[in-house]
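Chemist: Can you keep this structure in mind? I'll have questions shortly.
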Protein chains: 2
Amino acid sequence: MSEIKDSLPVSPVKVACCQLAPKVGYKQNNLDKTADFILRAAKDGAQIIVLPELCSSGYVFESRAEAASLADAYDDGETTTLWQGLAKDLGVYIVGGFAERSAATLFNSAAVIGPRGRMGLFRKVHLWGDENLFFSPGDLGFPVFATEFGTIGVGICYDGWFPEFYRTCARKGAELICVPTNWVPIPGQDPKREAMANILTMASAHSNSIYIVAADRVGMERGQLFIGQSLITGYTGWPVAGPASPNEEQILMADIDMASARKARRWNDFNEVLRDCRPDAYR
Amino acid sequence: MSEIKDSLPVSPVKVACCQLAPKVGYKQNNLDKTADFILRAAKDGAQIIVLPELCSSGYVFESRAEAASLADAYDDGETTTLWQGLAKDLGVYIVGGFAERSAATLFNSAAVIGPRGRMGLFRKVHLWGDENLFFSPGDLGFPVFATEFGTIGVGICYDGWFPEFYRTCARKGAELICVPTNWVPIPGQDPKREAMANILTMASAHSNSIYIVAADRVGMERGQLFIGQSLITGYTGWPVAGPASPNEEQILMADIDMASARKARRWNDFNEVLRDCRPDAYR
């Protein structure tokens with residue numbers, strides 16, 4: 001039997017990274033905007049579509065009551081119901097961030113929805129700044145989601161500051177990690193360089209041999225600037241699309257091959273990055 | 001009592017990152033070269049001096065016997081004896097890589113030596129490629145070393161592909177991590193960009209709020225190219241010196257303040273990066 005050619009794609013898929021500007025409080029407008037981006041991405045052939053963090057509610061809440069008023073349930077809320085209808089009609093996967101209400105508790109969550117319906121939920125594990133006033137920390141760990149293209153992991157924004165998140169997803173089989181995010185300016189940023197958030201994304205893509213789609217928002221909300229610069233990185237760590245504009249809405253698209261990420265983890269006769277981990281030494 | 005000014009340095013120290021080109025087999029020449037670089041760095045005021053991986057032996061061994069013939073003991077071998085004498089005479093700390101013989105076992109190690117003598121040993125935890133033919137994997141975990149300037153962690157080359165290494169050192173109190181390295185070209189590198197090894201270093205410096213001194217070698221050995229591009233990163237992740245040349249010997253120097261790295265880990269009222277880790281979610 002002859003060997004399969006290295007270049008033969010075995011799990012090709014077109015992914016879209018949607019950078020948009022929600023507006024806190026304008027939930028219906030925000031939902032309409034997500035629908036518009038999903039439709040445009042699908043029209044261009046996208047099969048997996050990633051939306052930013054909290055993209056139906058907006059980000060900068062004035063109070064818990066406001067956050068609660070913009071949140072909805074995963075099972076039957078208006079955000080996931082809209083996205084589920086689109087995913088079914090268009091035959092696509094959607095990973096998008098929304099404010100989740102679960103009984104009296106709020107989470108900063110992302111829904112994973114496929115052509116056959118709701119697949120599951122990720123709840124942001126590491127809350128940033130004032131999010132701690134509104135949301136409870138995620139209680140579901142880092143679940144992964146199987147699709148016919150490969151396995152998807154999810155994390156939100158500040159989760160990306162924890163390489164443990166990417167490693168955990170990769171160890172569970174993820175080949176593509178979707179990161180709905182609302183990156184803000186951080187101290188020490190070199191204004192001549194890409195965002196440190198991009199550097200973190202590239203490093204984690206490389207050191208786990210995974211694809212990462214980080215879908216950021218743009219715009220200003222109650223004095224808080226968001227930095228855009230969404231990107232899709234290949235498993236080598238280098239961007240395959242983006243970074244996007246720091247201030248314009250935009251859709252990045254890329255053809256990726258999820259199986260190749262897994263294959264590339266074997267770096268030579270001796271080294272395979274996930275197997276080379278030495279938990280005994282990390283104490 | 002008035003608050004201490006944010007800008008008041010409490011643990012300033014001048015560090016040197018020595019990028020040099022050892023030659024496999026020419027141990028005496030290599031030792032002389034390390035002495036030359038240590039003297040030059042100390043003359044320019046360096047108090048902590050970092051040398052590359054395997055800098056007294058060279059890297060590309062032809063056989064185990066050759067590796068063994070170029071290795072020496074930590075306790076009384078010629079490499080650490082030379083460095084100990086210089087550290088004492090010059091009143092400096094030296095962190096440098098050498099091939100360590102311990103009974104019949106070889107390790108790819110780094111010695112940490114201070115003005116008062118040998119302080120301890122790090123043995124490379126993650127071996128790369130053919131190193132697996134010559135060396136045993138490190139059995140000491142990631143120890144840290146206390147100095148009057150702050151706490152130092154150590155890792156070697158491929159260890160840097162494991163964010164777990166940096167996190168472990170930071171958790172143990174390290175504010176500066178010294179990385180003797182022999183970086184080689186890797187597939188997928190964007191020739192227009194800094195090395196992916198630099199990106200990994202920057203990401204780990206930022207996401208742990210630590211300084212990193214990565215001292216690489218240059219030159220070609222038995223057909224294997226090394227890429228130089230040594231760097232010193234600040235705790236924000238951005239380089240404070242370097243990247244150095246891809247092919248020339250060079251010393252990078254920087255004034256750093258190790259205490260400030262620890263202070264900067266508190267990012268806002270809610271977030272301190274090491275305390276924000278959620279081991280319960282990384283399973």
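Going by the structure tokens order, chains are called A, B, ..., each with residues numbered from 1, while ligands are numbered from 1 in the order shown.
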For a quick test of understanding: name the residues of chain B lying within 7 Å of chain A when counting only C-alpha atoms, and present them as a PDB file with C-alpha atoms, in the first residue's frame.

Modeler:
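Dumped everything to out05.pdb:
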```
ATOM      1  CA  HIS B 126      12.043  18.177  27.414  1.00  0.00           C
ATOM      2  CA  TRP B 128      14.620  17.638  21.452  1.00  0.00           C
ATOM      3  CA  GLY B 129      15.318  15.237  18.570  1.00  0.00           C
ATOM      4  CA  GLY B 141      11.821  19.396  37.751  1.00  0.00           C
ATOM      5  CA  PHE B 142      12.098  23.194  37.525  1.00  0.00           C
ATOM      6  CA  TRP B 161       7.656  25.107  23.983  1.00  0.00           C
ATOM      7  CA  PRO B 163       4.212  27.095  28.859  1.00  0.00           C
ATOM      8  CA  GLU B 164       3.950  24.779  31.861  1.00  0.00           C
ATOM      9  CA  PHE B 165       7.674  25.388  32.441  1.00  0.00           C
ATOM     10  CA  THR B 168       5.822  26.376  37.213  1.00  0.00           C
ATOM     11  CA  GLY B 188       6.565  27.171   8.838  1.00  0.00           C
ATOM     12  CA  ILE B 199       7.043  34.808  19.946  1.00  0.00           C
ATOM     13  CA  LEU B 200       6.839  31.939  22.441  1.00  0.00           C
ATOM     14  CA  ALA B 203       3.964  35.283  25.206  1.00  0.00           C
ATOM     15  CA  SER B 207       1.251  35.779  30.569  1.00  0.00           C
ATOM     16  CA  THR B 236       5.016  43.022  29.609  1.00  0.00           C
ATOM     17  CA  ASN B 268      -6.660  45.381  38.183  1.00  0.00           C
ATOM     18  CA  ASP B 269      -8.895  45.163  41.248  1.00  0.00           C
ATOM     19  CA  PHE B 270      -9.885  41.625  40.378  1.00  0.00           C
ATOM     20  CA  ASN B 271      -7.082  40.025  38.411  1.00  0.00           C
ATOM     21  CA  ASP B 276      -6.477  33.596  38.470  1.00  0.00           C
ATOM     22  CA  ALA B 281     -10.862  23.648  34.757  1.00  0.00           C
ATOM     23  CA  TYR B 282      -7.690  22.228  33.169  1.00  0.00           C
ATOM     24  CA  ARG B 283      -8.749  18.593  33.227  1.00  0.00           C
TER      25      ARG B 283
END
```

Chemist: Which residues are near segment 60-65 of chain B? Cut-off 7 Å, only C-alpha atoms, ignore same chain within fewer than 4 positions. Put them as a PyMOL selection string.

Modeler: chain B and resi 24+69+134+221-222

Chemist: Deliver the residues from the most recent selection as a file, using N, CA, C and O atoms, as a compact mmCIF listing (two decimals), in the first residue's frame.

Modeler:
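Generated output (result09.txt):
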```txt
# COMPACT_ATOMS: atom_id res chain seq x y z
N VAL B 24 31.54 22.18 18.36
CA VAL B 24 31.50 20.86 19.01
C VAL B 24 32.90 20.23 19.02
O VAL B 24 33.60 20.23 18.00
N SER B 69 32.55 12.25 26.22
CA SER B 69 33.92 12.77 26.32
C SER B 69 33.95 14.29 26.50
O SER B 69 34.95 14.85 26.95
N PHE B 134 21.45 10.86 23.35
CA PHE B 134 22.65 11.12 24.15
C PHE B 134 22.36 11.39 25.63
O PHE B 134 23.14 11.02 26.49
N GLU B 221 26.96 23.79 12.69
CA GLU B 221 27.72 22.68 13.26
C GLU B 221 27.33 21.40 12.54
O GLU B 221 26.16 20.99 12.63
N ARG B 222 28.26 20.80 11.82
CA ARG B 222 27.97 19.54 11.12
C ARG B 222 26.66 19.63 10.33
O ARG B 222 25.80 18.75 10.41
```

Chemist: Please identify all polymer residues within 12 Å of Ile48 of chain B, counting only C-alpha atoms, omitting same-chain residues fewer than 4 positions from it, and present them as a short mmCIF file (atom, residue, chain, number, x, y, z; two decimals) with N, CA and C atoms, in the first residue's frame.

Modeler:
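For reference, around07.cif as written:
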```cif
data_model
loop_
_atom_site.label_atom_id
_atom_site.label_comp_id
_atom_site.auth_asym_id
_atom_site.auth_seq_id
_atom_site.Cartn_x
_atom_site.Cartn_y
_atom_site.Cartn_z
N PRO B 12 16.68 46.41 41.35
CA PRO B 12 17.28 46.62 40.03
C PRO B 12 18.53 45.74 39.86
N VAL B 13 18.75 45.30 38.65
CA VAL B 13 19.92 44.45 38.35
C VAL B 13 20.20 44.54 36.86
N LYS B 14 21.48 44.47 36.52
CA LYS B 14 21.85 44.50 35.10
C LYS B 14 22.11 43.07 34.65
N VAL B 15 21.39 42.66 33.60
CA VAL B 15 21.55 41.29 33.09
C VAL B 15 22.22 41.31 31.72
N ALA B 16 22.99 40.27 31.45
CA ALA B 16 23.64 40.12 30.15
C ALA B 16 23.24 38.79 29.52
N CYS B 17 22.96 38.87 28.25
CA CYS B 17 22.54 37.71 27.47
C CYS B 17 23.62 37.48 26.41
N CYS B 18 24.41 36.42 26.58
CA CYS B 18 25.59 36.21 25.72
C CYS B 18 25.26 35.27 24.57
N ILE B 38 31.99 36.33 29.62
CA ILE B 38 31.67 36.65 31.03
C ILE B 38 32.46 37.89 31.47
N LEU B 39 33.74 37.92 31.13
CA LEU B 39 34.57 39.07 31.51
C LEU B 39 34.07 40.36 30.87
N ALA B 41 31.04 41.01 29.75
CA ALA B 41 29.73 41.39 30.30
C ALA B 41 29.90 42.01 31.69
N ALA B 42 30.76 41.41 32.50
CA ALA B 42 30.96 41.91 33.87
C ALA B 42 31.60 43.30 33.82
N ASP B 44 31.13 45.48 31.68
CA ASP B 44 30.07 46.45 31.35
C ASP B 44 29.01 46.54 32.45
N ALA B 87 32.79 33.76 38.70
CA ALA B 87 31.66 34.32 39.46
C ALA B 87 32.16 34.91 40.78
N LEU B 90 34.49 38.05 40.02
CA LEU B 90 33.78 39.21 39.45
C LEU B 90 32.55 39.60 40.27
N GLY B 91 32.17 38.75 41.21
CA GLY B 91 30.98 39.04 42.02
C GLY B 91 29.70 38.99 41.22
N VAL B 92 29.59 38.00 40.31
CA VAL B 92 28.41 37.92 39.44
C VAL B 92 27.73 36.55 39.55
N TYR B 93 26.53 36.52 39.03
CA TYR B 93 25.82 35.24 38.85
C TYR B 93 25.99 34.79 37.40
N ILE B 94 26.19 33.50 37.21
CA ILE B 94 26.32 32.93 35.86
C ILE B 94 25.33 31.77 35.72
N VAL B 95 24.57 31.79 34.63
CA VAL B 95 23.69 30.66 34.30
C VAL B 95 24.12 30.19 32.91
N GLY B 96 24.64 28.98 32.83
CA GLY B 96 25.15 28.52 31.54
C GLY B 96 24.92 27.04 31.33
N VAL B 112 23.83 26.98 37.82
CA VAL B 112 23.58 28.31 38.37
C VAL B 112 24.64 28.55 39.44
N ILE B 113 25.46 29.56 39.18
CA ILE B 113 26.63 29.80 40.02
C ILE B 113 26.63 31.26 40.45
N GLY B 114 26.88 31.48 41.73
CA GLY B 114 26.87 32.86 42.24
C GLY B 114 28.22 33.23 42.83
N PRO B 115 28.31 34.46 43.35
CA PRO B 115 29.57 34.93 43.94
C PRO B 115 30.05 34.03 45.08
N THR B 147 18.33 34.90 44.84
CA THR B 147 19.47 35.81 44.88
C THR B 147 19.01 37.08 45.58
N GLU B 148 19.95 37.97 45.87
CA GLU B 148 19.55 39.23 46.52
C GLU B 148 18.74 40.13 45.58
N PHE B 149 18.75 39.82 44.28
CA PHE B 149 17.99 40.63 43.32
C PHE B 149 16.56 40.10 43.12
N GLY B 150 16.37 38.82 43.44
CA GLY B 150 15.09 38.18 43.20
C GLY B 150 15.30 36.71 42.89
N THR B 151 14.25 36.06 42.45
CA THR B 151 14.30 34.62 42.27
C THR B 151 14.40 34.27 40.78
N ILE B 152 15.29 33.33 40.48
CA ILE B 152 15.60 32.96 39.10
C ILE B 152 15.13 31.53 38.82
N LEU B 176 12.58 36.23 37.13
CA LEU B 176 13.47 36.22 35.96
C LEU B 176 13.71 34.77 35.59
N ILE B 177 13.51 34.46 34.32
CA ILE B 177 13.78 33.08 33.89
C ILE B 177 14.90 33.12 32.85
N CYS B 178 15.93 32.34 33.11
CA CYS B 178 17.10 32.28 32.22
C CYS B 178 16.97 31.05 31.34
N VAL B 213 15.46 35.96 29.92
CA VAL B 213 16.69 36.13 29.16
C VAL B 213 16.94 34.83 28.41
N LEU B 252 23.78 41.11 24.66
CA LEU B 252 22.67 42.03 24.96
C LEU B 252 22.71 42.36 26.45
N MET B 253 22.47 43.62 26.78
CA MET B 253 22.44 44.02 28.19
C MET B 253 21.14 44.74 28.47
N ALA B 254 20.64 44.60 29.68
CA ALA B 254 19.44 45.35 30.07
C ALA B 254 19.43 45.56 31.57
N ASP B 255 18.93 46.73 31.98
CA ASP B 255 18.66 47.00 33.39
C ASP B 255 17.23 46.61 33.66
N ILE B 256 17.05 45.68 34.56
CA ILE B 256 15.69 45.25 34.87
C ILE B 256 15.44 45.43 36.36
N MET B 258 13.52 43.26 39.11
CA MET B 258 12.81 41.99 39.27
C MET B 258 11.55 42.12 40.12
#
```

Chemist: Within 9 Å of Arg262 of chain B, counting only C-alpha atoms, which residues qualify if same-chain residues fewer than 6 places away don't, as an NGL selection string?

Modeler: :B and (173-175 or 209-210 or 235)

Chemist: Output N, CA, C and O atoms for every residue in that selection, as a PDB file, in the first residue's frame.

Modeler:
```pdb
ATOM      1  N   GLY B 173       7.864  31.413  42.442  1.00  0.00           N
ATOM      2  CA  GLY B 173       8.410  32.698  42.857  1.00  0.00           C
ATOM      3  C   GLY B 173       9.386  33.331  41.878  1.00  0.00           C
ATOM      4  O   GLY B 173       9.897  34.424  42.132  1.00  0.00           O
ATOM      5  N   ALA B 174       9.669  32.676  40.751  1.00  0.00           N
ATOM      6  CA  ALA B 174      10.635  33.255  39.804  1.00  0.00           C
ATOM      7  C   ALA B 174      10.110  34.563  39.224  1.00  0.00           C
ATOM      8  O   ALA B 174       8.922  34.691  38.905  1.00  0.00           O
ATOM      9  N   GLU B 175      11.008  35.538  39.104  1.00  0.00           N
ATOM     10  CA  GLU B 175      10.684  36.825  38.476  1.00  0.00           C
ATOM     11  C   GLU B 175      11.513  36.996  37.210  1.00  0.00           C
ATOM     12  O   GLU B 175      11.198  37.824  36.353  1.00  0.00           O
ATOM     13  N   SER B 209       3.973  37.588  33.639  1.00  0.00           N
ATOM     14  CA  SER B 209       4.602  38.808  34.144  1.00  0.00           C
ATOM     15  C   SER B 209       5.985  38.499  34.734  1.00  0.00           C
ATOM     16  O   SER B 209       6.235  38.696  35.929  1.00  0.00           O
ATOM     17  N   ILE B 210       6.849  37.997  33.890  1.00  0.00           N
ATOM     18  CA  ILE B 210       8.231  37.670  34.266  1.00  0.00           C
ATOM     19  C   ILE B 210       9.194  38.220  33.215  1.00  0.00           C
ATOM     20  O   ILE B 210       8.820  38.394  32.053  1.00  0.00           O
ATOM     21  N   TYR B 235       8.596  42.119  31.546  1.00  0.00           N
ATOM     22  CA  TYR B 235       7.438  41.371  32.052  1.00  0.00           C
ATOM     23  C   TYR B 235       6.171  41.702  31.275  1.00  0.00           C
ATOM     24  O   TYR B 235       5.169  41.004  31.401  1.00  0.00           O
TER      25      TYR B 235
END
```

Chemist: Give the alpha helix (DSSP H) residues of segment 90-255 of chain A, as assigned by DSSP on the backbone, as a PyMOL selection string.

Modeler: chain A and resi 90+131-134+163-171+196-208

Chemist: Just list as number ranges by chain whatever in segment 108-232 of chain B DSSP marks as strand (DSSP E or B).

Modeler: B: 108-114, 117-123, 144-147, 150-154, 176-180, 211-215, 217-221, 224-227, 231-232

Chemist: Given the choices A:Gln19, A:Ser57, A:Thr81, A:Gln28, which gets closest to Val179 of chain A if the distance is worked out from only C-alpha atoms?

Modeler: A:Gln19

Chemist: For the atom pair atom CA of Tyr26 of chain A and atom CA of Val184 of chain A, what is the interatomic distance in Å to one decimal place?

Modeler: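 Those two atoms sit 20.5 Å apart.
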
Chemist: Write out as a list in words which residues come within 7 Å of Ser136 of chain B when counting only C-alpha atoms, dropping same-chain ones fewer than 4 positions away.

Modeler: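 So the residues in contact are Thr105, Leu106, Phe107 and Asn132 of chain B.
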
Chemist: Got time to write the residues from that selection, N, CA and C atoms, as a JSON list (two decimals), in the first residue's frame?

Modeler:
```json
[["chain", "number", "residue", "atom", "x", "y", "z"],
["B", 105, "THR", "N", 25.44, 8.58, 33.56],
["B", 105, "THR", "CA", 24.32, 9.26, 32.89],
["B", 105, "THR", "C", 24.74, 10.65, 32.42],
["B", 106, "LEU", "N", 24.25, 11.02, 31.23],
["B", 106, "LEU", "CA", 24.48, 12.38, 30.74],
["B", 106, "LEU", "C", 23.17, 13.17, 30.79],
["B", 107, "PHE", "N", 23.29, 14.42, 31.17],
["B", 107, "PHE", "CA", 22.15, 15.34, 31.13],
["B", 107, "PHE", "C", 22.54, 16.59, 30.34],
["B", 132, "ASN", "N", 17.75, 12.94, 22.49],
["B", 132, "ASN", "CA", 17.24, 11.72, 23.13],
["B", 132, "ASN", "C", 18.18, 10.53, 22.99]]
```
